[in-house]
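Here is work-v7.pdb, consisting of PDB, C-alpha atoms and all ligand atoms:
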```pdb
ATOM      1  CA  MET A   1    -120.203 -28.687 111.766  1.00  0.00           C
ATOM      2  CA  ALA A   2    -119.757 -31.980 113.497  1.00  0.00           C
ATOM      3  CA  LEU A   3    -122.751 -34.092 114.385  1.00  0.00           C
ATOM      4  CA  GLU A   4    -121.821 -36.735 116.945  1.00  0.00           C
ATOM      5  CA  GLU A   5    -124.112 -39.569 117.954  1.00  0.00           C
ATOM      6  CA  ILE A   6    -123.735 -40.001 121.718  1.00  0.00           C
ATOM      7  CA  PHE A   7    -126.652 -42.378 122.181  1.00  0.00           C
ATOM      8  CA  PRO A   8    -129.036 -43.560 119.478  1.00  0.00           C
ATOM      9  CA  PHE A   9    -131.302 -40.592 120.302  1.00  0.00           C
ATOM     10  CA  ILE A  10    -128.779 -38.008 121.539  1.00  0.00           C
ATOM     11  CA  TYR A  11    -126.593 -36.015 119.187  1.00  0.00           C
ATOM     12  CA  GLY A  12    -123.934 -33.415 119.870  1.00  0.00           C
ATOM     13  CA  VAL A  13    -123.892 -30.461 117.467  1.00  0.00           C
ATOM     14  CA  ARG A  14    -120.544 -28.711 117.588  1.00  0.00           C
ATOM     15  CA  VAL A  15    -120.023 -25.250 116.156  1.00  0.00           C
ATOM     16  CA  LEU A  16    -116.376 -24.233 116.491  1.00  0.00           C
ATOM     17  CA  TYR A  17    -115.758 -24.448 120.253  1.00  0.00           C
ATOM     18  CA  VAL A  18    -119.343 -24.791 121.515  1.00  0.00           C
ATOM     19  CA  ASN A  19    -121.570 -27.852 121.812  1.00  0.00           C
ATOM     20  CA  ALA A  20    -125.343 -28.057 121.752  1.00  0.00           C
ATOM     21  CA  PHE A  21    -127.293 -31.305 122.021  1.00  0.00           C
ATOM     22  CA  LEU A  22    -130.286 -32.736 120.206  1.00  0.00           C
ATOM     23  CA  LEU A  23    -132.519 -35.225 121.986  1.00  0.00           C
ATOM     24  CA  ALA A  24    -134.405 -36.780 119.123  1.00  0.00           C
ATOM     25  CA  GLU A  25    -137.415 -38.745 120.212  1.00  0.00           C
ATOM     26  CA  ASP A  26    -140.400 -39.957 118.220  1.00  0.00           C
ATOM     27  CA  GLU A  27    -142.777 -37.570 119.983  1.00  0.00           C
ATOM     28  CA  GLY A  28    -140.555 -34.535 119.398  1.00  0.00           C
ATOM     29  CA  ILE A  29    -137.059 -33.117 119.544  1.00  0.00           C
ATOM     30  CA  THR A  30    -135.444 -31.167 122.370  1.00  0.00           C
ATOM     31  CA  LEU A  31    -132.440 -28.932 121.791  1.00  0.00           C
ATOM     32  CA  ILE A  32    -130.185 -28.161 124.747  1.00  0.00           C
ATOM     33  CA  ASP A  33    -128.571 -24.749 124.053  1.00  0.00           C
ATOM     34  CA  SER A  34    -128.591 -23.155 120.650  1.00  0.00           C
ATOM     35  CA  GLY A  35    -124.982 -22.479 119.700  1.00  0.00           C
ATOM     36  CA  LEU A  36    -123.004 -19.517 118.413  1.00  0.00           C
ATOM     37  CA  ALA A  37    -124.945 -16.735 116.708  1.00  0.00           C
ATOM     38  CA  ASN A  38    -125.654 -16.720 112.980  1.00  0.00           C
ATOM     39  CA  ARG A  39    -125.572 -20.506 112.660  1.00  0.00           C
ATOM     40  CA  LYS A  40    -129.241 -21.299 112.221  1.00  0.00           C
ATOM     41  CA  GLU A  41    -128.471 -23.276 109.061  1.00  0.00           C
ATOM     42  CA  THR A  42    -126.107 -25.528 111.010  1.00  0.00           C
ATOM     43  CA  PHE A  43    -128.956 -26.621 113.244  1.00  0.00           C
ATOM     44  CA  LEU A  44    -131.416 -27.025 110.389  1.00  0.00           C
ATOM     45  CA  ARG A  45    -128.814 -29.135 108.574  1.00  0.00           C
ATOM     46  CA  ALA A  46    -128.273 -31.240 111.706  1.00  0.00           C
ATOM     47  CA  LEU A  47    -132.023 -31.897 111.836  1.00  0.00           C
ATOM     48  CA  SER A  48    -132.114 -32.898 108.194  1.00  0.00           C
ATOM     49  CA  GLU A  49    -129.076 -35.161 108.697  1.00  0.00           C
ATOM     50  CA  ILE A  50    -131.033 -37.126 111.288  1.00  0.00           C
ATOM     51  CA  LYS A  51    -134.012 -37.033 108.921  1.00  0.00           C
ATOM     52  CA  ARG A  52    -136.220 -34.823 111.033  1.00  0.00           C
ATOM     53  CA  SER A  53    -137.964 -31.566 110.194  1.00  0.00           C
ATOM     54  CA  PRO A  54    -137.751 -28.177 112.000  1.00  0.00           C
ATOM     55  CA  GLU A  55    -141.419 -28.507 113.002  1.00  0.00           C
ATOM     56  CA  GLU A  56    -140.451 -31.526 115.089  1.00  0.00           C
ATOM     57  CA  LEU A  57    -138.256 -29.340 117.301  1.00  0.00           C
ATOM     58  CA  LYS A  58    -140.618 -28.857 120.258  1.00  0.00           C
ATOM     59  CA  HIS A  59    -138.385 -27.654 123.092  1.00  0.00           C
ATOM     60  CA  ILE A  60    -135.264 -25.541 123.466  1.00  0.00           C
ATOM     61  CA  VAL A  61    -133.788 -25.789 126.941  1.00  0.00           C
ATOM     62  CA  LEU A  62    -130.991 -23.365 127.848  1.00  0.00           C
ATOM     63  CA  THR A  63    -128.209 -23.913 130.353  1.00  0.00           C
ATOM     64  CA  HIS A  64    -127.470 -20.168 130.642  1.00  0.00           C
ATOM     65  CA  HIS A  65    -127.684 -16.814 128.925  1.00  0.00           C
ATOM     66  CA  HIS A  66    -124.196 -16.595 127.322  1.00  0.00           C
ATOM     67  CA  THR A  67    -124.499 -15.910 123.647  1.00  0.00           C
ATOM     68  CA  ASP A  68    -122.419 -18.925 122.603  1.00  0.00           C
ATOM     69  CA  HIS A  69    -125.297 -20.987 124.066  1.00  0.00           C
ATOM     70  CA  THR A  70    -128.243 -18.803 123.053  1.00  0.00           C
ATOM     71  CA  GLY A  71    -127.223 -17.813 119.522  1.00  0.00           C
ATOM     72  CA  ASN A  72    -129.862 -18.753 116.926  1.00  0.00           C
ATOM     73  CA  LEU A  73    -132.508 -18.925 119.628  1.00  0.00           C
ATOM     74  CA  ALA A  74    -134.888 -16.381 118.109  1.00  0.00           C
ATOM     75  CA  ALA A  75    -134.267 -17.784 114.612  1.00  0.00           C
ATOM     76  CA  LEU A  76    -134.837 -21.403 115.648  1.00  0.00           C
ATOM     77  CA  VAL A  77    -137.989 -20.509 117.584  1.00  0.00           C
ATOM     78  CA  GLU A  78    -139.239 -18.791 114.453  1.00  0.00           C
ATOM     79  CA  ALA A  79    -138.382 -21.785 112.269  1.00  0.00           C
ATOM     80  CA  SER A  80    -139.880 -24.382 114.594  1.00  0.00           C
ATOM     81  CA  GLY A  81    -142.307 -22.843 117.085  1.00  0.00           C
ATOM     82  CA  ALA A  82    -140.343 -24.591 119.882  1.00  0.00           C
ATOM     83  CA  GLU A  83    -140.982 -23.589 123.497  1.00  0.00           C
ATOM     84  CA  VAL A  84    -138.026 -22.095 125.376  1.00  0.00           C
ATOM     85  CA  ARG A  85    -137.010 -22.858 128.947  1.00  0.00           C
ATOM     86  CA  VAL A  86    -134.415 -21.121 131.136  1.00  0.00           C
ATOM     87  CA  HIS A  87    -133.869 -20.280 134.818  1.00  0.00           C
ATOM     88  CA  PRO A  88    -135.647 -17.082 136.008  1.00  0.00           C
ATOM     89  CA  LEU A  89    -132.326 -15.350 136.849  1.00  0.00           C
ATOM     90  CA  ASP A  90    -131.034 -15.709 133.270  1.00  0.00           C
ATOM     91  CA  ALA A  91    -134.424 -15.262 131.573  1.00  0.00           C
ATOM     92  CA  PRO A  92    -134.468 -11.405 131.559  1.00  0.00           C
ATOM     93  CA  ILE A  93    -131.095 -11.386 129.750  1.00  0.00           C
ATOM     94  CA  VAL A  94    -132.333 -13.867 127.132  1.00  0.00           C
ATOM     95  CA  ARG A  95    -135.459 -11.760 126.685  1.00  0.00           C
ATOM     96  CA  GLY A  96    -133.290  -8.657 126.218  1.00  0.00           C
ATOM     97  CA  GLU A  97    -134.796  -6.940 129.278  1.00  0.00           C
ATOM     98  CA  LYS A  98    -131.467  -6.836 131.137  1.00  0.00           C
ATOM     99  CA  PRO A  99    -127.959  -6.169 129.748  1.00  0.00           C
ATOM    100  CA  VAL A 100    -125.456  -9.010 129.416  1.00  0.00           C
ATOM    101  CA  PRO A 101    -123.096  -8.857 132.409  1.00  0.00           C
ATOM    102  CA  GLY A 102    -119.481  -8.266 131.369  1.00  0.00           C
ATOM    103  CA  ALA A 103    -116.450 -10.433 132.128  1.00  0.00           C
ATOM    104  CA  ASN A 104    -115.659 -11.126 135.765  1.00  0.00           C
ATOM    105  CA  PRO A 105    -113.767  -8.008 136.940  1.00  0.00           C
ATOM    106  CA  LYS A 106    -111.930 -10.102 139.564  1.00  0.00           C
ATOM    107  CA  SER A 107    -110.307 -12.279 136.936  1.00  0.00           C
ATOM    108  CA  ILE A 108    -106.769 -11.066 136.227  1.00  0.00           C
ATOM    109  CA  VAL A 109    -106.968 -12.338 132.685  1.00  0.00           C
ATOM    110  CA  SER A 110    -110.053 -10.270 131.997  1.00  0.00           C
ATOM    111  CA  LYS A 111    -108.381  -7.158 133.464  1.00  0.00           C
ATOM    112  CA  MET A 112    -105.397  -7.610 131.202  1.00  0.00           C
ATOM    113  CA  LEU A 113    -107.307  -8.633 128.131  1.00  0.00           C
ATOM    114  CA  TRP A 114    -110.491  -6.603 128.535  1.00  0.00           C
ATOM    115  CA  PRO A 115    -110.006  -4.609 125.318  1.00  0.00           C
ATOM    116  CA  LEU A 116    -109.990  -7.941 123.495  1.00  0.00           C
ATOM    117  CA  VAL A 117    -112.339  -9.897 125.731  1.00  0.00           C
ATOM    118  CA  GLY A 118    -114.984  -7.174 125.588  1.00  0.00           C
ATOM    119  CA  ARG A 119    -115.245  -7.787 121.882  1.00  0.00           C
ATOM    120  CA  LEU A 120    -115.768 -11.539 122.169  1.00  0.00           C
ATOM    121  CA  SER A 121    -119.101 -12.722 120.923  1.00  0.00           C
ATOM    122  CA  VAL A 122    -120.017 -13.999 124.416  1.00  0.00           C
ATOM    123  CA  TYR A 123    -120.723 -10.440 125.513  1.00  0.00           C
ATOM    124  CA  ASN A 124    -122.520  -9.297 122.406  1.00  0.00           C
ATOM    125  CA  ARG A 125    -126.162  -8.524 122.541  1.00  0.00           C
ATOM    126  CA  LEU A 126    -128.356 -10.986 120.697  1.00  0.00           C
ATOM    127  CA  ALA A 127    -131.765 -10.576 119.178  1.00  0.00           C
ATOM    128  CA  PRO A 128    -134.121 -10.847 122.162  1.00  0.00           C
ATOM    129  CA  ALA A 129    -135.935 -14.157 122.290  1.00  0.00           C
ATOM    130  CA  ARG A 130    -139.091 -15.453 123.850  1.00  0.00           C
ATOM    131  CA  VAL A 131    -138.902 -17.473 127.060  1.00  0.00           C
ATOM    132  CA  ASP A 132    -142.014 -19.605 127.577  1.00  0.00           C
ATOM    133  CA  HIS A 133    -141.189 -21.364 130.821  1.00  0.00           C
ATOM    134  CA  GLU A 134    -138.907 -20.424 133.685  1.00  0.00           C
ATOM    135  CA  VAL A 135    -137.285 -23.514 135.174  1.00  0.00           C
ATOM    136  CA  THR A 136    -136.414 -23.897 138.841  1.00  0.00           C
ATOM    137  CA  ASP A 137    -134.077 -26.211 140.772  1.00  0.00           C
ATOM    138  CA  GLY A 138    -135.224 -29.813 140.997  1.00  0.00           C
ATOM    139  CA  GLN A 139    -138.022 -29.361 138.494  1.00  0.00           C
ATOM    140  CA  GLU A 140    -138.886 -32.412 136.380  1.00  0.00           C
ATOM    141  CA  LEU A 141    -139.235 -31.351 132.771  1.00  0.00           C
ATOM    142  CA  PRO A 142    -141.628 -33.267 130.562  1.00  0.00           C
ATOM    143  CA  MET A 143    -139.377 -33.813 127.542  1.00  0.00           C
ATOM    144  CA  ALA A 144    -137.230 -36.827 126.681  1.00  0.00           C
ATOM    145  CA  GLY A 145    -139.128 -39.068 129.084  1.00  0.00           C
ATOM    146  CA  GLY A 146    -138.345 -36.813 132.058  1.00  0.00           C
ATOM    147  CA  MET A 147    -135.363 -34.576 132.592  1.00  0.00           C
ATOM    148  CA  LYS A 148    -134.411 -33.035 135.913  1.00  0.00           C
ATOM    149  CA  ALA A 149    -133.250 -29.420 136.172  1.00  0.00           C
ATOM    150  CA  VAL A 150    -130.334 -28.786 138.542  1.00  0.00           C
ATOM    151  CA  HIS A 151    -129.620 -25.164 139.431  1.00  0.00           C
ATOM    152  CA  THR A 152    -125.839 -24.694 139.325  1.00  0.00           C
ATOM    153  CA  PRO A 153    -125.191 -20.978 139.877  1.00  0.00           C
ATOM    154  CA  GLY A 154    -121.751 -19.415 139.599  1.00  0.00           C
ATOM    155  CA  HIS A 155    -120.819 -19.346 135.930  1.00  0.00           C
ATOM    156  CA  THR A 156    -124.023 -17.301 135.639  1.00  0.00           C
ATOM    157  CA  ALA A 157    -126.567 -16.749 138.396  1.00  0.00           C
ATOM    158  CA  GLY A 158    -129.219 -18.761 136.598  1.00  0.00           C
ATOM    159  CA  HIS A 159    -127.019 -21.545 135.246  1.00  0.00           C
ATOM    160  CA  MET A 160    -128.820 -24.877 134.939  1.00  0.00           C
ATOM    161  CA  CYS A 161    -127.663 -28.420 134.301  1.00  0.00           C
ATOM    162  CA  TYR A 162    -130.098 -31.058 133.091  1.00  0.00           C
ATOM    163  CA  LEU A 163    -130.069 -34.713 134.098  1.00  0.00           C
ATOM    164  CA  LEU A 164    -131.657 -37.480 132.078  1.00  0.00           C
ATOM    165  CA  GLU A 165    -132.111 -40.338 134.505  1.00  0.00           C
ATOM    166  CA  ARG A 166    -131.746 -42.987 131.788  1.00  0.00           C
ATOM    167  CA  HIS A 167    -128.795 -45.036 130.537  1.00  0.00           C
ATOM    168  CA  GLY A 168    -127.144 -44.677 133.958  1.00  0.00           C
ATOM    169  CA  GLY A 169    -127.741 -40.925 133.939  1.00  0.00           C
ATOM    170  CA  ILE A 170    -126.745 -38.424 131.274  1.00  0.00           C
ATOM    171  CA  LEU A 171    -125.845 -34.974 132.579  1.00  0.00           C
ATOM    172  CA  PHE A 172    -125.907 -31.904 130.352  1.00  0.00           C
ATOM    173  CA  VAL A 173    -123.350 -29.754 132.121  1.00  0.00           C
ATOM    174  CA  GLY A 174    -123.470 -26.538 130.081  1.00  0.00           C
ATOM    175  CA  ASP A 175    -120.616 -24.368 131.401  1.00  0.00           C
ATOM    176  CA  ALA A 176    -120.856 -25.477 135.049  1.00  0.00           C
ATOM    177  CA  ALA A 177    -117.622 -27.331 134.222  1.00  0.00           C
ATOM    178  CA  GLY A 178    -115.597 -27.904 131.073  1.00  0.00           C
ATOM    179  CA  ASN A 179    -113.722 -30.839 129.588  1.00  0.00           C
ATOM    180  CA  VAL A 180    -111.367 -29.031 127.258  1.00  0.00           C
ATOM    181  CA  PHE A 181    -108.174 -30.812 126.106  1.00  0.00           C
ATOM    182  CA  GLY A 182    -109.350 -33.927 127.936  1.00  0.00           C
ATOM    183  CA  ARG A 183    -109.190 -32.199 131.318  1.00  0.00           C
ATOM    184  CA  LEU A 184    -112.262 -31.822 133.490  1.00  0.00           C
ATOM    185  CA  GLY A 185    -112.126 -28.489 135.289  1.00  0.00           C
ATOM    186  CA  PRO A 186    -114.108 -25.552 136.604  1.00  0.00           C
ATOM    187  CA  PRO A 187    -115.399 -23.038 134.050  1.00  0.00           C
ATOM    188  CA  LEU A 188    -113.137 -20.254 132.744  1.00  0.00           C
ATOM    189  CA  ALA A 189    -112.726 -17.624 135.474  1.00  0.00           C
ATOM    190  CA  MET A 190    -112.900 -14.837 132.940  1.00  0.00           C
ATOM    191  CA  SER A 191    -116.490 -15.550 131.943  1.00  0.00           C
ATOM    192  CA  THR A 192    -117.665 -16.838 135.343  1.00  0.00           C
ATOM    193  CA  GLU A 193    -119.693 -14.463 137.498  1.00  0.00           C
ATOM    194  CA  ASP A 194    -118.873 -16.071 140.868  1.00  0.00           C
ATOM    195  CA  MET A 195    -116.139 -18.721 140.987  1.00  0.00           C
ATOM    196  CA  GLY A 196    -116.776 -19.665 144.635  1.00  0.00           C
ATOM    197  CA  GLN A 197    -120.384 -20.416 143.805  1.00  0.00           C
ATOM    198  CA  ALA A 198    -119.338 -22.243 140.614  1.00  0.00           C
ATOM    199  CA  LYS A 199    -117.158 -24.591 142.693  1.00  0.00           C
ATOM    200  CA  GLU A 200    -120.054 -25.197 145.102  1.00  0.00           C
ATOM    201  CA  SER A 201    -122.140 -26.132 142.084  1.00  0.00           C
ATOM    202  CA  ILE A 202    -119.509 -28.655 140.941  1.00  0.00           C
ATOM    203  CA  ARG A 203    -119.780 -30.236 144.429  1.00  0.00           C
ATOM    204  CA  LYS A 204    -123.539 -30.426 143.960  1.00  0.00           C
ATOM    205  CA  LEU A 205    -123.112 -32.145 140.589  1.00  0.00           C
ATOM    206  CA  ALA A 206    -120.587 -34.634 141.984  1.00  0.00           C
ATOM    207  CA  GLU A 207    -123.283 -35.959 144.314  1.00  0.00           C
ATOM    208  CA  LEU A 208    -125.572 -36.878 141.429  1.00  0.00           C
ATOM    209  CA  GLU A 209    -125.650 -40.262 139.728  1.00  0.00           C
ATOM    210  CA  PHE A 210    -124.617 -40.072 136.082  1.00  0.00           C
ATOM    211  CA  ASP A 211    -122.525 -42.129 133.755  1.00  0.00           C
ATOM    212  CA  VAL A 212    -122.182 -39.669 130.889  1.00  0.00           C
ATOM    213  CA  ALA A 213    -121.480 -35.927 130.962  1.00  0.00           C
ATOM    214  CA  CYS A 214    -122.055 -33.659 127.942  1.00  0.00           C
ATOM    215  CA  PHE A 215    -120.301 -30.270 128.113  1.00  0.00           C
ATOM    216  CA  GLY A 216    -120.797 -26.896 126.481  1.00  0.00           C
ATOM    217  CA  HIS A 217    -117.054 -26.914 125.849  1.00  0.00           C
ATOM    218  CA  GLY A 218    -114.953 -30.035 125.405  1.00  0.00           C
ATOM    219  CA  ARG A 219    -115.526 -33.694 124.772  1.00  0.00           C
ATOM    220  CA  VAL A 220    -118.268 -35.912 126.130  1.00  0.00           C
ATOM    221  CA  LEU A 221    -117.199 -37.951 129.181  1.00  0.00           C
ATOM    222  CA  LYS A 222    -118.504 -41.507 128.884  1.00  0.00           C
ATOM    223  CA  GLY A 223    -118.473 -44.113 131.657  1.00  0.00           C
ATOM    224  CA  LYS A 224    -118.496 -43.220 135.367  1.00  0.00           C
ATOM    225  CA  ALA A 225    -118.466 -39.511 134.540  1.00  0.00           C
ATOM    226  CA  ASN A 226    -119.564 -38.622 138.079  1.00  0.00           C
ATOM    227  CA  ALA A 227    -116.400 -40.276 139.464  1.00  0.00           C
ATOM    228  CA  ALA A 228    -114.394 -37.727 137.461  1.00  0.00           C
ATOM    229  CA  PHE A 229    -116.471 -34.951 139.069  1.00  0.00           C
ATOM    230  CA  ARG A 230    -115.771 -36.413 142.513  1.00  0.00           C
ATOM    231  CA  ARG A 231    -112.032 -36.452 141.755  1.00  0.00           C
ATOM    232  CA  LEU A 232    -112.271 -32.826 140.663  1.00  0.00           C
ATOM    233  CA  VAL A 233    -113.984 -31.917 143.960  1.00  0.00           C
ATOM    234  CA  GLU A 234    -111.148 -33.633 145.871  1.00  0.00           C
ATOM    235  CA  LYS A 235    -108.600 -31.700 143.830  1.00  0.00           C
ATOM    236  CA  MET A 236    -110.410 -28.414 144.489  1.00  0.00           C
ATOM    237  CA  THR A 237    -110.453 -28.969 148.240  1.00  0.00           C
ATOM    238  CA  ARG A 238    -106.736 -29.854 148.463  1.00  0.00           C
TER     239      ARG A 238
HETATM  240 ZN    ZN B   1    -120.907 -19.628 129.506  1.00  0.00          ZN
HETATM  241 ZN    ZN B   2    -119.904 -21.361 126.906  1.00  0.00          ZN
END
```

Rewrite the structure of this file - the entire thing - as structure tokens.
Ligand SMILES: [Zn+2]
Ligand SMILES: [Zn+2]
Amino acid sequence: MALEEIFPFIYGVRVLYVNAFLLAEDEGITLIDSGLANRKETFLRALSEIKRSPEELKHIVLTHHHTDHTGNLAALVEASGAEVRVHPLDAPIVRGEKPVPGANPKSIVSKMLWPLVGRLSVYNRLAPARVDHEVTDGQELPMAGGMKAVHTPGHTAGHMCYLLERHGGILFVGDAAGNVFGRLGPPLAMSTEDMGQAKESIRKLAELEFDVACFGHGRVLKGKANAAFRRLVEKMTR
């Protein structure tokens, strides 16, 4: 596990290739996404490393239903009593009421690699988890001094980004875009439900004001992060 301090109260928790983020404030801790399955201890260790207890984890806010972002959810809710938030379109999948959609059938890679891809953990069923609040576009969430939800459909129908309007704006991107190998780009086609919509969502993000972008996959972008999104939009339209 790698625990990275991004700001004095924001920490990245990386498990293999997936990032989750802890927003540690005096009045309580918010976790954005909950990592790969079967890694509850990683998160409990991260909390103890920053000298906080599981009971202080008050909110878990999900970007989308994929299991590399919702692993440990049920276990962490049980350990902490945290309230869970997700968009209404992804909520039934998190609750286990709807099956996990498979890989995008239009993606050539997924056609060729389906026998392998189908076995990836992303498409596994997880233990169903409770969702306490369904979050809609533009909603101001009460944690971390106010965090705005931005609906960014495409990667999944209910994908959400979250914007902290402090420190010049800190955007939690989830899988609406990735910054793998130092390259900002659209999400992987293979695991994206609707790539056209995903690109529209990147345009929507590029119009926001933020200085820092924290991704589900890849490194944090610090300093004029939204300019990088605007360059990506230009590249996509060329
Ligand atoms: Zn995803
Ligand atoms: Zn992901």

(request) Give the answer as one residue: which of A:Phe229, A:Phe172, A:Phe21, A:Phe215 has the shortest atom-to-atom distance to ligand ZN 2 (chain B), using only C-alpha atoms and all ligand atoms? (result)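 The answer is A:Phe215, which sits nearest to ligand ZN 2 (chain B).
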
(request) Please identify every polymer residue within 12 Å of ligand ZN 1 (chain B), using all atoms listed in the file, and present the set as a ChimeraX atom specification. (result) /A:17-19,33,35-36,62-71,90,100-104,121-123,153-160,173-178,186-193,198,215-217

(message) Once the PyMOL selection byres (((chain A and resi 231) around 12) and not hetatm) has been evaluated on this model, what residues remain selected, and can you format them as a PyMOL selection string?
(response) chain A and resi 183-185+202-203+205-207+224-230+232-238

(message) Just to confirm, what's the straight-line distance from CA of Asp137 (chain A) to CA of Val94 (chain A) in Å (one decimal)?
(response)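 According to the coordinates, CA of Asp137 (chain A) and CA of Val94 (chain A) are separated by 18.5 Å.
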
Quick one: which residues end up in the PyMOL selection byres (((chain A and resi 74) around 7) and not hetatm) for this structure, as a PDB file with C-alpha atoms, in the frame of the given file?
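After the write, out24.pdb holds the following:
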```pdb
ATOM      1  CA  ASN A  72    -129.862 -18.753 116.926  1.00  0.00           C
ATOM      2  CA  LEU A  73    -132.508 -18.925 119.628  1.00  0.00           C
ATOM      3  CA  ALA A  75    -134.267 -17.784 114.612  1.00  0.00           C
ATOM      4  CA  LEU A  76    -134.837 -21.403 115.648  1.00  0.00           C
ATOM      5  CA  VAL A  77    -137.989 -20.509 117.584  1.00  0.00           C
ATOM      6  CA  GLU A  78    -139.239 -18.791 114.453  1.00  0.00           C
ATOM      7  CA  ALA A 127    -131.765 -10.576 119.178  1.00  0.00           C
ATOM      8  CA  PRO A 128    -134.121 -10.847 122.162  1.00  0.00           C
ATOM      9  CA  ALA A 129    -135.935 -14.157 122.290  1.00  0.00           C
TER      10      ALA A 129
END
```

(message) List the spatial neighbours of Glu4 (chain A) as a ChimeraX atom specification - criterion: any atom at most 12 Å away, all atoms listed in the file, same-chain residues fewer than 5 positions off excluded.
(response) /A:9-15,19-23,46,49-50,214,219-220

(request) Return the single residue from A:Ile6, A:Ile93, A:Gln197, A:Leu221 that is closest to Gly182 (chain A), with distances computed using all atoms listed in the file. (result) A:Leu221

(request) Quick one: apply the PyMOL selection byres (((chain A and resi 145) around 12) and not hetatm) to the file and drop the selected residues here as a PyMOL selection string. (result) chain A and resi 9+23-30+140-144+146-148+163-166
